[in-house]
Structures are given as C-alpha cells and as structure tokens.
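Below: one structure, written as structure tokens.
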Amino acid sequence: MEAARPSRTALRVAMRRAAHQIYDAPPLVFTDPMAVPILGREYLPEIERTQFKLNKPHSIALRAFMVARSRYAEDLLAQAVARGMQQYVLLGAGLDTFAYRNPHPQLHVFEVDHPATQQWKHDLLAANSIPIPSSLTYVPVDFEHQQLATQLAAAGFDSSRPAFFAWLGVVPYLTSAAFRATLALIASSAPCSGVVMDYGQPRSALPYLEQLAHDSLASRVQLAGEPFQLFFTPPEIAAELTAFHNIEDLGSHELNERYFRHRSDNLRLLGSAGRIVSAWI
C-alpha cells in the first residue's frame with residue numbers, strides 16, 4: 001500500500017459488505033447495519049453499480065467469500081467471548097464496523113492498520129456521524145518503521161490475557177517474512193488466544209478456469225498498487241501453524257454448507273482458490 005493514501009482493497013471489501021445488505025436476498029449471511037452508513041453518500045454510486053453485477057457468478061462468489069469470512073470470524077469471536085475473552089484485535093481493520101456495533105460490553109477492540117487508512121476511516125466516521133465507542137482503541141502501525149508488539153503494548157493491549165485476532169483480507173498481500181513475524185507474535189499470546197485468517201491457494205494449484213479468474217483479480221489489485229505476494233496450499237498453511245491446535249481450515253464446499261444452503265438467490269462460493277482457517281493456542 002502506498003504510504004500517502006488509504007487501501008483501495010479495503011474500500012472494495014467494504015463496498016461488497018454494503019452491497020450484501022442491499023441486494024442479496026434475506027436472510028443475510030452477515031448482518032451489518034453499519035456497512036452502508038460508514039461509506040456514506042460519497043461511495044453510494046459505486047455500491048449501486050453492484051445491481052448490474054447480480055448475474056455475474058465470479059462477482060457474486062467474491063462477495064460471498066467476503067461476507068462468509070466476516071460471519072465466520074464474528075461467530076468464533078462470540079464463542080470466545082462466552083468463554084471469557086475480553087480482547088479482540090483486528091489486524092488490517094480497514095473499514096470493518098464491528099467496533100461500532102459491538103454487542104459484548106466486556107470486550108475491548110483494537111483496530112490495527114496503516115496510519116493513512118486509519119485517518120481515512122476517521123474522516124468517514126466523522127462525515128457520517130458515527131461515534132467512536134470507548135471500547136475501541138486505534139493502533140496505527142507503519143510496518144516499515146514500527147513493531148506491531150510495541151504499538152499494541154503502547155495502546156493498552158494486555159499480552160498476559162487471551163486475545164482473539166482477526167486477520168482478514170491481509171495475508172495474500174504480505175511477504176513471507178512479514179507473515180511469519182506476525183504469526184509468531186500471535187503464537188506468543190496468552191493461552192486460549194486464537195486467530196482467524198483467510199488465504200489464497202497458489203495459481204499452480206488451481207484448475208485452468210480458476211487460474212483465469214485468479215489472473216483477472218491479481219491484475220486488478222496490482223493496478224490498485226496492492227499486489228498479491230503470498231499463497232499457500234492447505235498442507236503448507238498447516239505447516240505454518242504447528243504452534244497452534246484446534247485448527248479448522250474451510251474451503252468453498254464447507255462454507256457453502258455452513259452459510260449458503262437453501263438460499264433463494266445465487267449467493268454462494270465458487271472454486272477452490274480462497275480458504276479460511278482458524279487456530280487456537
């Protein structure tokens with residue numbers, strides 16, 4: 001991501017979450033009453049263009065993946081809170097809205113992101129009259145010059161207590177070194193901590209038609225200045241998670257069975273490229 005501007009991919013994710021609230025048939029897979037308000041009037045025309053893509057399978061499938069990963073993360077978070085979890089860390093928070101509709105009074109949320117993206121989010125919240133709750137702390141991190149652990153500690157994160165980390169829409173854009181450094185930090189967290197993240201399979205692991213879809217998406221994020229860099233197969237991601245247990249790795253089939261059965265529309269995942277994994281300490 002260029003230092004002078006916020007993440008374009010974060011905007012695209014936010015617009016797809018908002019489009020889900022407007023255009024997909026009920027019941028929604030992921031109900032987010034803040035998804036549309038946070039974008040405000042400025043981005044409404046772009047959200048409205050979704051209606052012209054309602055019959056495009058790959059556009060629908062990409063939106064399905066994004067709402068499924070948010071739903072899965074918040075399902076796991078709710079279960080962790082029921083067990084006593086009191087810290088939630090959003091790594092690469094983008095325009096995630098959980099903190100502004102947090103139903104758990106005892107849960108403190110830490111939003112970690114690049115300073116430019118956080119300033120953009122602050123501007124959108126102010127412009128659209130969305131208050132910042134006292135249960136939220138922003139953690140700006142310029143990964144070129146600052147350490148995540150140092151910035152979290154300075155923000156009041158208590159490393160002696162369990163935390164749940166959501167690392168969504170980030171891993172494919174990282175270098176191997178950055179991925180492993182962050183994963184090591186999570187692995188050093190207090191017992192009963194957990195993480196959820198999504199990852200993409202490498203082009204070589206995909207069928208031919210999925211390779212074409214991969215190339216199309218990769219070219220778009222490259223043009224946005226945020227190129228894909230890191231991919232894993234399921235055995236490779238398992239090898240990265242040896243410090244964790246209770247690992248659940250879900251592909252399209254499992255996610256469709258869990259979240260998209262018996263729908264009256266075409267919202268569902270396609271192919272095998274994107275996967276979501278959770279793991280615990």
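Residue names in the structure tokens use chain letters A, B, ... in the order shown, residue numbers from 1 in each chain, and ligand numbers from 1 in the order shown.
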
>> Please extract the residues of range 44-212 of chain A with a backbone DSSP assignment of strand (DSSP E) and present them as a ChimeraX atom specification.
In response: /A:87-91,108-113,136-140,164-167,194-200

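Residues in contact with Thr50 in chain A at up to 12 Å, not including ones fewer than 5 positions away on its chain and judged by only C-alpha atoms, are Arg12, Met15, Arg16, Arg17, Ala18, Ala19, His20, Gln21, Ile22, Tyr23, Asp24, Tyr43, Leu44, Pro45, Asn55, Lys56, Ser59, Ile60 and Arg63 of chain A.
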
Convert the current residue selection to file output with N, CA and C atoms, as a PDB file, in the first residue's frame.
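Contents of part07.pdb, freshly written:
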```pdb
ATOM      1  N   ARG A  12     -12.914  -1.694  -1.489  1.00  0.00           N
ATOM      2  CA  ARG A  12     -13.668  -2.684  -2.276  1.00  0.00           C
ATOM      3  C   ARG A  12     -14.329  -3.707  -1.358  1.00  0.00           C
ATOM      4  N   MET A  15     -17.335  -2.074   0.272  1.00  0.00           N
ATOM      5  CA  MET A  15     -18.458  -1.905  -0.651  1.00  0.00           C
ATOM      6  C   MET A  15     -19.175  -3.230  -0.896  1.00  0.00           C
ATOM      7  N   ARG A  16     -18.448  -4.313  -0.902  1.00  0.00           N
ATOM      8  CA  ARG A  16     -19.107  -5.614  -1.083  1.00  0.00           C
ATOM      9  C   ARG A  16     -19.920  -6.000   0.154  1.00  0.00           C
ATOM     10  N   ARG A  17     -19.414  -5.686   1.340  1.00  0.00           N
ATOM     11  CA  ARG A  17     -20.209  -5.933   2.544  1.00  0.00           C
ATOM     12  C   ARG A  17     -21.486  -5.089   2.526  1.00  0.00           C
ATOM     13  N   ALA A  18     -21.353  -3.835   2.073  1.00  0.00           N
ATOM     14  CA  ALA A  18     -22.522  -2.959   1.998  1.00  0.00           C
ATOM     15  C   ALA A  18     -23.506  -3.473   0.959  1.00  0.00           C
ATOM     16  N   ALA A  19     -23.015  -3.913  -0.191  1.00  0.00           N
ATOM     17  CA  ALA A  19     -23.899  -4.426  -1.240  1.00  0.00           C
ATOM     18  C   ALA A  19     -24.674  -5.643  -0.764  1.00  0.00           C
ATOM     19  N   HIS A  20     -24.053  -6.457   0.072  1.00  0.00           N
ATOM     20  CA  HIS A  20     -24.740  -7.629   0.619  1.00  0.00           C
ATOM     21  C   HIS A  20     -25.970  -7.211   1.409  1.00  0.00           C
ATOM     22  N   GLN A  21     -25.880  -6.091   2.134  1.00  0.00           N
ATOM     23  CA  GLN A  21     -27.014  -5.628   2.946  1.00  0.00           C
ATOM     24  C   GLN A  21     -28.178  -5.166   2.066  1.00  0.00           C
ATOM     25  N   ILE A  22     -27.873  -4.705   0.853  1.00  0.00           N
ATOM     26  CA  ILE A  22     -28.880  -4.080  -0.012  1.00  0.00           C
ATOM     27  C   ILE A  22     -29.454  -5.040  -1.042  1.00  0.00           C
ATOM     28  N   TYR A  23     -28.589  -5.829  -1.677  1.00  0.00           N
ATOM     29  CA  TYR A  23     -29.008  -6.537  -2.884  1.00  0.00           C
ATOM     30  C   TYR A  23     -29.209  -8.037  -2.732  1.00  0.00           C
ATOM     31  N   ASP A  24     -28.628  -8.654  -1.717  1.00  0.00           N
ATOM     32  CA  ASP A  24     -28.788 -10.104  -1.572  1.00  0.00           C
ATOM     33  C   ASP A  24     -30.077 -10.416  -0.819  1.00  0.00           C
ATOM     34  N   TYR A  43     -19.663   7.145  -1.506  1.00  0.00           N
ATOM     35  CA  TYR A  43     -19.426   5.891  -2.210  1.00  0.00           C
ATOM     36  C   TYR A  43     -20.714   5.193  -2.646  1.00  0.00           C
ATOM     37  N   LEU A  44     -21.864   5.803  -2.370  1.00  0.00           N
ATOM     38  CA  LEU A  44     -23.132   5.174  -2.723  1.00  0.00           C
ATOM     39  C   LEU A  44     -23.240   4.848  -4.212  1.00  0.00           C
ATOM     40  N   PRO A  45     -22.817   5.738  -5.135  1.00  0.00           N
ATOM     41  CA  PRO A  45     -22.910   5.383  -6.563  1.00  0.00           C
ATOM     42  C   PRO A  45     -22.141   4.108  -6.915  1.00  0.00           C
ATOM     43  N   ASN A  55     -25.859 -10.905 -11.759  1.00  0.00           N
ATOM     44  CA  ASN A  55     -25.885 -12.169 -12.504  1.00  0.00           C
ATOM     45  C   ASN A  55     -24.490 -12.575 -12.977  1.00  0.00           C
ATOM     46  N   LYS A  56     -23.457 -11.977 -12.406  1.00  0.00           N
ATOM     47  CA  LYS A  56     -22.094 -12.330 -12.771  1.00  0.00           C
ATOM     48  C   LYS A  56     -21.542 -13.272 -11.705  1.00  0.00           C
ATOM     49  N   SER A  59     -18.343 -12.296  -9.601  1.00  0.00           N
ATOM     50  CA  SER A  59     -18.573 -11.155  -8.721  1.00  0.00           C
ATOM     51  C   SER A  59     -19.384 -11.572  -7.500  1.00  0.00           C
ATOM     52  N   ILE A  60     -20.411 -12.395  -7.726  1.00  0.00           N
ATOM     53  CA  ILE A  60     -21.236 -12.894  -6.625  1.00  0.00           C
ATOM     54  C   ILE A  60     -20.406 -13.751  -5.678  1.00  0.00           C
ATOM     55  N   ARG A  63     -18.108 -11.712  -3.437  1.00  0.00           N
ATOM     56  CA  ARG A  63     -18.866 -11.099  -2.344  1.00  0.00           C
ATOM     57  C   ARG A  63     -19.231 -12.149  -1.291  1.00  0.00           C
TER      58      ARG A  63
END
```

> CA of Glu42 in chain A to CA of Ala126 in chain A: how many Å, to one decimal?
Replying inline: 13.1 Å

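Shortest atom-to-atom contact with Ala243 in chain A among A:Tyr138, A:Trp280, A:Trp167, A:Tyr72: A:Trp280, counting only C-alpha atoms.
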
>> If you run DSSP on the backbone here, which positions in range 26-113 of chain A get helix (DSSP H, G or I)? Please write them as number ranges by chain.
In response: A: 40-53, 57-82, 98-100

Output C-alpha atoms for every residue in the selection just made, as a compact mmCIF listing (two decimals), in the first residue's frame.
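File produced: again.txt:
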```
# COMPACT_ATOMS: atom_id res chain seq x y z
CA GLY A 40 -21.97 7.47 3.26
CA ARG A 41 -23.10 9.34 0.17
CA GLU A 42 -19.60 9.56 -1.27
CA TYR A 43 -19.43 5.89 -2.21
CA LEU A 44 -23.13 5.17 -2.72
CA PRO A 45 -22.91 5.38 -6.56
CA GLU A 46 -20.21 2.68 -6.56
CA ILE A 47 -22.30 0.44 -4.30
CA GLU A 48 -25.29 0.92 -6.60
CA ARG A 49 -23.28 -0.43 -9.53
CA THR A 50 -23.46 -3.83 -7.82
CA GLN A 51 -27.02 -4.25 -9.10
CA PHE A 52 -25.60 -4.55 -12.61
CA LYS A 53 -23.39 -7.45 -11.49
CA PRO A 57 -21.04 -15.55 -10.99
CA HIS A 58 -17.48 -14.52 -10.13
CA SER A 59 -18.57 -11.15 -8.72
CA ILE A 60 -21.24 -12.89 -6.63
CA ALA A 61 -18.78 -15.54 -5.43
CA LEU A 62 -16.22 -12.93 -4.37
CA ARG A 63 -18.87 -11.10 -2.34
CA ALA A 64 -19.95 -14.41 -0.82
CA PHE A 65 -16.39 -15.14 0.29
CA MET A 66 -16.03 -11.74 1.92
CA VAL A 67 -19.28 -11.95 3.87
CA ALA A 68 -18.57 -15.57 4.84
CA ARG A 69 -15.18 -14.74 6.33
CA SER A 70 -16.67 -11.86 8.35
CA ARG A 71 -19.51 -14.06 9.58
CA TYR A 72 -17.14 -16.89 10.49
CA ALA A 73 -14.81 -14.54 12.38
CA GLU A 74 -17.62 -12.99 14.38
CA ASP A 75 -19.17 -16.40 15.10
CA LEU A 76 -15.85 -17.55 16.57
CA LEU A 77 -15.45 -14.30 18.46
CA ALA A 78 -18.88 -14.67 20.07
CA GLN A 79 -17.97 -18.19 21.21
CA ALA A 80 -14.67 -16.92 22.64
CA VAL A 81 -16.41 -14.07 24.49
CA ALA A 82 -18.81 -16.59 26.01
CA PHE A 98 -17.58 -4.49 14.39
CA ALA A 99 -16.35 -1.99 16.97
CA TYR A 100 -19.27 0.36 16.22
```

Show me, as a short mmCIF file (atom, residue, chain, number, x, y, z; two decimals) with N, CA and C atoms, in the first residue's frame, the residues that have an atom within 7 Å of range 89-94 of chain A when counting only C-alpha atoms, minus same-chain residues fewer than 2 positions from it.
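around.cif was written with the following content:
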```cif
data_model
loop_
_atom_site.label_atom_id
_atom_site.label_comp_id
_atom_site.auth_asym_id
_atom_site.auth_seq_id
_atom_site.Cartn_x
_atom_site.Cartn_y
_atom_site.Cartn_z
N ALA A 10 -9.29 -2.24 0.76
CA ALA A 10 -10.17 -2.10 1.93
C ALA A 10 -11.49 -1.47 1.52
N GLN A 87 -10.44 -9.38 24.77
CA GLN A 87 -9.65 -8.57 23.84
C GLN A 87 -9.82 -9.11 22.42
N ASP A 96 -13.76 -2.22 8.63
CA ASP A 96 -14.56 -3.14 9.45
C ASP A 96 -15.38 -2.34 10.45
N VAL A 109 -11.85 -3.68 21.78
CA VAL A 109 -11.45 -3.89 20.39
C VAL A 109 -10.24 -3.03 20.08
N PHE A 110 -9.24 -3.63 19.45
CA PHE A 110 -8.05 -2.92 18.97
C PHE A 110 -8.03 -3.01 17.45
N GLU A 111 -8.12 -1.87 16.79
CA GLU A 111 -8.06 -1.84 15.33
C GLU A 111 -6.64 -1.46 14.90
N VAL A 112 -5.98 -2.39 14.23
CA VAL A 112 -4.61 -2.18 13.77
C VAL A 112 -4.63 -1.92 12.26
N ASP A 113 -4.01 -0.84 11.83
CA ASP A 113 -3.93 -0.56 10.40
C ASP A 113 -2.89 0.52 10.13
N THR A 117 -4.77 4.68 6.25
CA THR A 117 -6.09 4.04 6.21
C THR A 117 -6.90 4.42 7.44
N PHE A 164 -8.35 -12.60 20.79
CA PHE A 164 -8.73 -13.21 19.52
C PHE A 164 -8.33 -12.25 18.41
N PHE A 165 -7.58 -12.76 17.43
CA PHE A 165 -7.06 -11.96 16.33
C PHE A 165 -7.81 -12.29 15.05
N ALA A 166 -8.35 -11.26 14.39
CA ALA A 166 -8.94 -11.43 13.07
C ALA A 166 -7.98 -10.81 12.06
N TRP A 167 -7.56 -11.64 11.12
CA TRP A 167 -6.52 -11.24 10.15
C TRP A 167 -7.11 -11.51 8.76
N VAL A 170 -5.69 -9.88 4.41
CA VAL A 170 -4.35 -9.32 4.58
C VAL A 170 -3.26 -10.26 4.08
#
```

>> Env of Ile276 in chain A: 6 Å cut, atoms = only C-alpha atoms, seq-sep filter 2 positions within chain, self excluded. Answer as a PyMOL selection string.
In response: chain A and resi 197-198+249-250

What would the file look like if the residues just selected were written as an mmCIF file, in the first residue's frame with C-alpha atoms?
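See out.cif below for the written result:
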```cif
data_model
loop_
_atom_site.group_PDB
_atom_site.id
_atom_site.type_symbol
_atom_site.label_atom_id
_atom_site.label_comp_id
_atom_site.auth_asym_id
_atom_site.auth_seq_id
_atom_site.Cartn_x
_atom_site.Cartn_y
_atom_site.Cartn_z
ATOM 1 C CA MET A 197 -7.393 -15.588 8.697
ATOM 2 C CA ASP A 198 -8.083 -16.185 5.045
ATOM 3 C CA ASP A 249 -9.467 -24.993 7.522
ATOM 4 C CA LEU A 250 -12.561 -24.344 5.410
#
```
